>>> print(open('start-v4.cif').read())   # mmCIF, C-alpha atoms and all ligand atoms
data_entry
#
loop_
_atom_site.label_atom_id
_atom_site.label_comp_id
_atom_site.auth_asym_id
_atom_site.auth_seq_id
_atom_site.Cartn_x
_atom_site.Cartn_y
_atom_site.Cartn_z
CA MET A 1 2.58 -85.74 112.59
CA THR A 2 -1.01 -86.72 111.88
CA THR A 3 -2.60 -89.82 113.38
CA GLU A 4 -3.06 -91.16 109.83
CA GLU A 5 0.71 -90.92 109.24
CA LEU A 6 1.35 -92.77 112.48
CA VAL A 7 -1.08 -95.54 111.53
CA ALA A 8 0.50 -95.83 108.06
CA GLN A 9 3.92 -96.25 109.66
CA ILE A 10 2.58 -98.97 111.96
CA HIS A 11 1.27 -100.95 108.99
CA LYS A 12 4.47 -100.43 107.02
CA LYS A 13 6.81 -101.53 109.79
CA LYS A 14 4.41 -104.06 111.28
CA SER A 15 5.22 -102.57 114.61
CA PHE A 16 3.64 -100.38 117.27
CA LEU A 17 6.74 -100.35 119.41
CA CYS A 18 7.87 -97.24 121.25
CA ILE A 19 11.41 -97.27 122.62
CA GLY A 20 12.01 -95.30 125.79
CA LEU A 21 15.27 -93.37 125.80
CA ASP A 22 15.72 -93.20 129.57
CA VAL A 23 19.47 -92.74 129.68
CA ASP A 24 21.24 -93.32 132.97
CA LEU A 25 25.00 -92.74 132.72
CA ASN A 26 25.57 -95.38 135.41
CA LYS A 27 24.15 -97.96 133.02
CA VAL A 28 25.63 -97.01 129.64
CA PRO A 29 28.71 -98.91 128.40
CA LYS A 30 31.88 -97.47 129.91
CA HIS A 31 33.58 -96.83 126.56
CA LEU A 32 30.93 -94.17 125.75
CA LEU A 33 31.74 -92.10 128.82
CA THR A 34 34.79 -90.57 127.11
CA GLU A 35 32.59 -89.17 124.30
CA GLU A 36 31.94 -85.42 124.35
CA ASP A 37 28.21 -86.07 124.78
CA PRO A 38 27.82 -89.65 126.08
CA ILE A 39 24.00 -89.40 126.39
CA PHE A 40 23.54 -88.41 122.77
CA ALA A 41 26.22 -90.89 121.65
CA PHE A 42 24.27 -93.68 123.40
CA ASN A 43 20.93 -92.57 121.92
CA LYS A 44 22.36 -92.31 118.42
CA VAL A 45 23.65 -95.89 118.54
CA ILE A 46 20.32 -97.15 119.95
CA ILE A 47 18.29 -95.26 117.30
CA ASP A 48 20.56 -96.43 114.46
CA ALA A 49 20.20 -100.05 115.65
CA THR A 50 16.42 -100.05 116.18
CA HIS A 51 14.64 -97.42 114.03
CA HIS A 52 13.39 -100.00 111.50
CA LEU A 53 11.66 -101.92 114.35
CA ALA A 54 10.04 -99.03 116.20
CA VAL A 55 7.49 -96.37 115.26
CA ALA A 56 8.11 -94.07 118.22
CA TYR A 57 10.81 -92.98 120.66
CA LYS A 58 10.07 -91.59 124.09
CA PRO A 59 12.82 -89.79 125.98
CA ASN A 60 11.70 -89.27 129.56
CA THR A 61 12.90 -85.74 130.33
CA ALA A 62 13.83 -86.62 133.94
CA PHE A 63 16.80 -88.58 132.64
CA TYR A 64 18.06 -85.45 130.83
CA GLU A 65 17.11 -82.82 133.41
CA ALA A 66 19.13 -84.81 135.96
CA TYR A 67 22.32 -83.88 134.05
CA GLY A 68 21.56 -80.13 133.90
CA ILE A 69 22.39 -78.10 130.79
CA LYS A 70 24.39 -80.98 129.30
CA GLY A 71 21.38 -83.26 129.66
CA TRP A 72 18.99 -80.76 128.04
CA LYS A 73 21.48 -80.30 125.18
CA ALA A 74 21.58 -84.08 124.71
CA LEU A 75 17.76 -84.13 124.59
CA GLU A 76 17.79 -81.40 121.95
CA LYS A 77 20.39 -83.24 119.87
CA THR A 78 18.39 -86.46 120.15
CA ILE A 79 15.11 -84.94 118.91
CA GLN A 80 16.98 -83.08 116.15
CA TYR A 81 18.65 -86.33 115.08
CA LEU A 82 15.30 -88.13 114.95
CA ASN A 83 13.49 -85.33 113.11
CA LYS A 84 16.28 -84.97 110.55
CA ASN A 85 17.07 -88.62 109.87
CA HIS A 86 13.78 -90.35 110.65
CA PRO A 87 10.95 -87.87 110.08
CA GLU A 88 8.44 -90.75 109.91
CA ILE A 89 9.10 -91.60 113.59
CA PHE A 90 6.59 -90.37 116.19
CA THR A 91 8.35 -88.58 119.04
CA ILE A 92 7.13 -88.31 122.62
CA ALA A 93 8.51 -85.93 125.23
CA ASP A 94 7.68 -87.80 128.41
CA ALA A 95 7.55 -84.77 130.68
CA LYS A 96 4.20 -85.25 132.48
CA ARG A 97 3.46 -81.52 132.43
CA GLY A 98 0.30 -79.55 133.29
CA ASP A 99 -0.04 -76.22 135.14
CA ILE A 100 -2.18 -73.08 135.08
CA GLY A 101 -3.01 -72.02 131.53
CA ASN A 102 -0.28 -69.48 130.78
CA THR A 103 2.39 -71.80 132.23
CA SER A 104 1.11 -74.77 130.24
CA SER A 105 1.29 -72.59 127.10
CA MET A 106 5.01 -72.18 127.77
CA TYR A 107 5.46 -75.95 128.31
CA ALA A 108 3.65 -76.57 125.02
CA LYS A 109 5.86 -74.05 123.23
CA ALA A 110 8.98 -75.67 124.71
CA PHE A 111 8.17 -79.19 123.58
CA PHE A 112 6.22 -78.59 120.36
CA GLU A 113 7.81 -75.44 118.91
CA ASP A 114 11.31 -75.18 120.36
CA LEU A 115 12.24 -78.85 120.54
CA GLY A 116 9.86 -80.08 117.82
CA PHE A 117 8.34 -83.15 119.50
CA ASP A 118 5.12 -84.64 118.08
CA SER A 119 3.64 -85.18 121.51
CA VAL A 120 4.05 -84.61 125.23
CA THR A 121 2.76 -86.50 128.25
CA THR A 122 0.57 -84.49 130.63
CA ALA A 123 -1.00 -84.97 134.06
CA PRO A 124 -4.75 -84.23 134.33
CA TYR A 125 -4.88 -83.19 137.98
CA MET A 126 -5.13 -79.44 137.31
CA GLY A 127 -7.97 -79.85 134.84
CA LYS A 128 -9.14 -78.45 131.54
CA ASP A 129 -7.27 -75.12 131.43
CA SER A 130 -4.00 -76.91 132.25
CA ILE A 131 -4.31 -79.19 129.20
CA GLU A 132 -6.06 -77.08 126.56
CA PRO A 133 -2.94 -75.03 125.70
CA PHE A 134 -1.33 -78.29 124.53
CA LEU A 135 -4.41 -79.30 122.54
CA ASN A 136 -4.39 -76.07 120.53
CA PHE A 137 -1.40 -77.21 118.48
CA LYS A 138 -2.40 -78.71 115.12
CA ASP A 139 -1.03 -82.17 114.37
CA LYS A 140 0.56 -82.36 117.83
CA HIS A 141 -0.66 -84.86 120.41
CA THR A 142 -1.28 -84.55 124.12
CA ILE A 143 -0.91 -87.81 126.00
CA LEU A 144 -2.95 -87.63 129.19
CA LEU A 145 -2.22 -89.91 132.16
CA ALA A 146 -5.33 -92.05 132.68
CA LEU A 147 -4.38 -95.24 134.52
CA THR A 148 -0.68 -95.50 135.24
CA SER A 149 1.50 -98.59 135.55
CA ASN A 150 2.74 -98.00 139.10
CA LYS A 151 1.30 -99.17 142.45
CA GLY A 152 0.37 -95.59 143.32
CA ALA A 153 -2.27 -95.74 140.57
CA PHE A 154 -4.50 -97.31 143.24
CA ASP A 155 -4.09 -94.28 145.56
CA PHE A 156 -6.32 -91.98 143.49
CA GLN A 157 -6.93 -93.21 139.95
CA THR A 158 -9.04 -96.29 140.75
CA ARG A 159 -10.93 -94.65 143.65
CA LYS A 160 -14.55 -93.90 143.08
CA ILE A 161 -15.98 -90.41 143.28
CA ASP A 162 -19.75 -90.21 142.77
CA GLY A 163 -19.73 -93.93 141.99
CA LYS A 164 -17.14 -93.71 139.22
CA GLU A 165 -13.40 -94.41 139.15
CA VAL A 166 -11.30 -91.27 138.83
CA TYR A 167 -9.43 -92.54 135.73
CA LYS A 168 -12.77 -93.05 133.96
CA THR A 169 -13.89 -89.56 134.93
CA VAL A 170 -10.60 -88.17 133.61
CA ILE A 171 -11.18 -89.85 130.26
CA GLU A 172 -14.85 -88.88 130.02
CA ILE A 173 -14.37 -85.22 130.93
CA SER A 174 -11.27 -84.82 128.76
CA LYS A 175 -13.32 -85.95 125.76
CA THR A 176 -15.45 -82.79 126.12
CA TRP A 177 -12.46 -80.43 125.84
CA GLU A 178 -11.81 -78.38 122.73
CA ASN A 179 -9.55 -80.16 120.22
CA SER A 180 -9.94 -83.41 122.16
CA GLN A 181 -9.20 -85.25 118.92
CA ASN A 182 -5.55 -84.47 119.74
CA LEU A 183 -5.69 -86.56 122.92
CA MET A 184 -4.01 -89.88 123.52
CA TYR A 185 -4.04 -91.60 126.92
CA VAL A 186 -1.49 -93.40 129.07
CA VAL A 187 -2.59 -96.80 130.35
CA GLY A 188 -0.01 -98.99 132.08
CA ALA A 189 0.63 -102.46 130.66
CA THR A 190 0.40 -103.74 134.23
CA LYS A 191 -3.30 -102.74 134.17
CA ALA A 192 -4.16 -104.66 130.96
CA SER A 193 -7.44 -106.06 132.32
CA TYR A 194 -8.81 -102.51 132.64
CA LEU A 195 -8.36 -101.91 128.92
CA LYS A 196 -11.67 -103.52 128.06
CA ASP A 197 -13.56 -100.80 129.96
CA ILE A 198 -11.20 -98.07 128.76
CA ARG A 199 -11.78 -99.01 125.12
CA LYS A 200 -15.53 -98.57 125.67
CA LEU A 201 -14.82 -94.94 126.59
CA VAL A 202 -12.24 -94.25 123.90
CA PRO A 203 -12.72 -96.74 121.08
CA ASN A 204 -10.38 -94.93 118.67
CA ASN A 205 -7.86 -92.83 120.58
CA PHE A 206 -4.27 -93.99 120.69
CA LEU A 207 -3.09 -95.37 124.02
CA LEU A 208 0.52 -95.13 125.12
CA VAL A 209 1.15 -98.29 127.11
CA PRO A 210 4.35 -98.40 129.19
CA GLY A 211 5.19 -101.21 131.56
CA VAL A 212 6.13 -104.19 129.41
CA GLY A 213 9.61 -105.54 130.04
CA ALA A 214 11.14 -104.24 133.26
CA GLN A 215 7.73 -103.68 134.98
CA GLY A 216 6.38 -107.10 133.99
CA GLY A 217 3.36 -106.19 131.80
CA SER A 218 2.37 -108.55 129.00
CA LEU A 219 2.24 -107.42 125.37
CA ARG A 220 -0.30 -110.07 124.43
CA GLU A 221 -2.63 -109.19 127.32
CA VAL A 222 -2.50 -105.53 126.33
CA CYS A 223 -3.33 -106.36 122.71
CA LYS A 224 -6.19 -108.66 123.70
CA TYR A 225 -8.19 -105.74 125.09
CA GLY A 226 -6.41 -102.65 123.82
CA LEU A 227 -6.32 -102.90 120.03
CA SER A 228 -8.70 -100.62 118.17
CA SER A 229 -9.79 -100.53 114.54
CA ASN A 230 -6.80 -98.26 113.72
CA ILE A 231 -4.48 -100.34 116.00
CA GLY A 232 -4.48 -97.48 118.52
CA LEU A 233 -1.59 -98.72 120.64
CA LEU A 234 1.96 -97.58 121.21
CA ILE A 235 3.65 -100.05 123.51
CA ASN A 236 6.71 -98.72 125.27
CA SER A 237 9.72 -100.51 126.62
CA SER A 238 12.67 -98.51 127.94
CA ARG A 239 15.12 -100.44 130.16
CA GLY A 240 14.19 -103.80 128.61
CA ILE A 241 15.57 -102.60 125.28
CA ILE A 242 18.22 -99.97 125.86
CA TYR A 243 20.00 -101.90 128.63
CA ALA A 244 19.49 -105.38 127.14
CA GLY A 245 23.29 -105.56 126.80
CA ASN A 246 25.79 -103.68 128.90
CA ASN A 247 28.98 -103.77 126.98
CA LYS A 248 30.33 -103.36 123.47
CA ASP A 249 27.45 -105.51 122.21
CA PHE A 250 24.77 -103.12 123.52
CA ALA A 251 23.50 -102.05 120.08
CA GLN A 252 23.07 -105.65 118.93
CA ALA A 253 21.40 -106.58 122.23
CA ALA A 254 18.99 -103.63 121.98
CA ARG A 255 18.15 -104.59 118.40
CA SER A 256 17.44 -108.20 119.45
CA ALA A 257 15.22 -107.10 122.34
CA ALA A 258 13.31 -104.72 120.05
CA LYS A 259 13.06 -107.42 117.38
CA GLU A 260 11.55 -109.82 119.88
CA LEU A 261 8.72 -107.39 120.69
CA GLN A 262 8.28 -106.36 117.04
CA THR A 263 7.99 -110.01 115.98
CA GLN A 264 5.17 -110.53 118.47
CA MET A 265 3.51 -107.36 117.19
CA GLN A 266 3.81 -108.55 113.60
CA GLU A 267 2.17 -111.87 114.53
CA ILE A 268 -0.67 -110.00 116.22
CA LEU A 269 -1.15 -107.64 113.25
CA ASP A 270 -1.01 -110.48 110.70
CA ALA A 271 -3.72 -112.34 112.64
CA LEU A 272 -6.18 -109.39 112.50
O1 LIG A 301 4.04 -91.76 130.90
C1 LIG A 301 4.80 -92.74 130.88
O2 LIG A 301 5.49 -92.96 129.91
C2 LIG A 301 4.72 -93.70 131.99
C3 LIG A 301 3.48 -93.86 132.58
C4 LIG A 301 3.26 -94.95 133.43
O3 LIG A 301 2.15 -95.19 133.90
N1 LIG A 301 4.29 -95.78 133.71
C5 LIG A 301 5.54 -95.61 133.17
O4 LIG A 301 6.41 -96.44 133.43
N2 LIG A 301 5.78 -94.52 132.36
C6 LIG A 301 7.14 -94.26 131.83
O5 LIG A 301 7.48 -95.29 130.91
C7 LIG A 301 8.86 -95.66 131.05
C8 LIG A 301 8.92 -97.12 131.49
O6 LIG A 301 10.22 -97.57 131.52
P1 LIG A 301 10.63 -99.12 131.66
O7 LIG A 301 9.93 -99.64 132.86
O8 LIG A 301 12.10 -99.06 131.81
O9 LIG A 301 10.19 -99.81 130.39
C9 LIG A 301 9.45 -94.68 132.05
O10 LIG A 301 9.96 -93.56 131.33
C10 LIG A 301 8.26 -94.24 132.87
O11 LIG A 301 8.39 -92.95 133.42
#
>>> encode(input="start-v4.cif", output="C-alpha cells")
Amino acid sequence: MTTEELVAQIHKKKSFLCIGLDVDLNKVPKHLLTEEDPIFAFNKVIIDATHHLAVAYKPNTAFYEAYGIKGWKALEKTIQYLNKNHPEIFTIADAKRGDIGNTSSMYAKAFFEDLGFDSVTTAPYMGKDSIEPFLNFKDKHTILLALTSNKGAFDFQTRKIDGKEVYKTVIEISKTWENSQNLMYVVGATKASYLKDIRKLVPNNFLLVPGVGAQGGSLREVCKYGLSSNIGLLINSSRGIIYAGNNKDFAQAARSAAKELQTQMQEILDAL
C-alpha cells in the first residue's frame, strides 16, 4: 500500500486508529475455545466489528508464535482475511526483526511476500545492513523502533552518545539509508512530550504510536505534538480494545472502545 492510499483512508474514515491483535487464549471468551481455530475466530469477530473505525491492524507475532504452528496458521488466516475482505486496511506485522543482511532478507520475504503484510516493525540495533533488505520492497513500509513506550526506553534510547540521544541518532542516520522514504518510526504514546523534537527530525514520516489505553498514554497529548501535514500518525491500542468486554458481548465492547478513540480522532481532524 502506498502512503497516499493510507492517508486517503484516514481522511475517509476520519480515523488514524490501529487495532492491535494481541490474542491471548486466556483472555478470549470461553465459548470461542471450542472453535477449530479460536485465535482466528476471535480476530474475525474483532475485525468484523471494528474495520469501519480503524485504518490499520497490528498483530504482534509473539502472540501467535507462542501457540506454535497453530498460532502461525492463525496469523496467516488473519492477514489473508484482511487482505481479501478489507484491502484498504494497512497491515502491520509487529515482529521487531533485524539481523545480518541475508537473514533480514528472509524476514522481509516472510512478512512482505509470503504473508503479504504492508509493513513490519524492526529494531535498529544492528544498523543499516540489517534494515535495508526491508526497505528494498516497493510500497512496503519498515517501521523502525525509535523511542519505545516501555520503561526500558531510558536504558539506552534516551542516553546521550557524543552529546545526542540515541533515539535521535537512530532517526537521523536512518534517514540517510537507501529507500528511506519507506521508513516509519515507533514512538510510544507514553513519551508524547518528546514528539515535538522528533517531528523536527521527521516532519512527514508516519509514526506508529502504541501505548494509549492499557499503558496510560494520552491520545490528545500525542496529537498535540505528533500530527504532521499528512496526519502522519497511526495510534495503536491492543488490550484496551480487544479485551474491552470478556464475554458474549466482546464484539460490541470492542466496537464501543474503538468508537471512543475514533470519535476523539474525528474531533481532532475536524478541528485542523
Ligand atoms: O512496536 C510496537 O508496536 C510497540 C512498541 C512500543 O514501544 N510499545 C508497545 O507497546 N508496542 C506494542 O504495541 C502493543 C501495545 O499493546 P497494548 O498496551 O495492549 O495497547 C503491543 O503489541 C506492544 O508489543
>>> residues_near_ligand(input="start-v4.cif", ligand="ligand LIG 301 (chain A)", cutoff="6 Å", atoms="only C-alpha atoms and all ligand atoms", output="ChimeraX atom specification")
/A:60,94,148-150,188,210-211,213-215,237-240
>>> residues_around(input="start-v4.cif", residues="Met184 (chain A)", least_positions_apart="2", cutoff="9 Å", atoms="all atoms listed in the file", output="compact mmCIF listing (two decimals) with C-alpha atoms, in the frame of the given file")
# COMPACT_ATOMS: atom_id res chain seq x y z
CA THR A 121 2.76 -86.50 128.25
CA HIS A 141 -0.66 -84.86 120.41
CA THR A 142 -1.28 -84.55 124.12
CA ILE A 143 -0.91 -87.81 126.00
CA LEU A 144 -2.95 -87.63 129.19
CA LEU A 145 -2.22 -89.91 132.16
CA SER A 180 -9.94 -83.41 122.16
CA GLN A 181 -9.20 -85.25 118.92
CA ASN A 182 -5.55 -84.47 119.74
CA VAL A 186 -1.49 -93.40 129.07
CA ASN A 205 -7.86 -92.83 120.58
CA PHE A 206 -4.27 -93.99 120.69
CA LEU A 207 -3.09 -95.37 124.02
CA LEU A 208 0.52 -95.13 125.12
>>> residues_around(input="start-v4.cif", residues="Ala254 (chain A)", least_positions_apart="5", cutoff="9 Å", atoms="all atoms listed in the file", output="PyMOL selection string")
chain A and resi 46+49-50+240-245+249+259
>>> closest_residue(input="start-v4.cif", among="A:Ser174, A:Leu32, A:Thr78, A:Thr3", to="Asn247 (chain A)", atoms="all atoms listed in the file")
A:Leu32
>>> closest_residue(input="start-v4.cif", among="A:Lys77, A:Arg97, A:Lys13, A:His52", to="Tyr64 (chain A)", atoms="all atoms listed in the file")
A:Lys77
>>> atom_distance(input="start-v4.cif", atom1="CA of Ser105 (chain A)", atom2="CA of Cys18 (chain A)")
26.2 Å
>>> closest_residue(input="start-v4.cif", among="A:Tyr185, A:Tyr125, A:Phe111, A:Phe250", to="Leu147 (chain A)", atoms="only C-alpha atoms")
A:Tyr185
>>> atom_distance(input="start-v4.cif", atom1="CA of Glu36 (chain A)", atom2="CA of Ala258 (chain A)")
27.2 Å
>>> closest_residue(input="start-v4.cif", among="A:Asn246, A:Gly101, A:Asn26, A:Leu115", to="Pro133 (chain A)", atoms="only C-alpha atoms")
A:Gly101
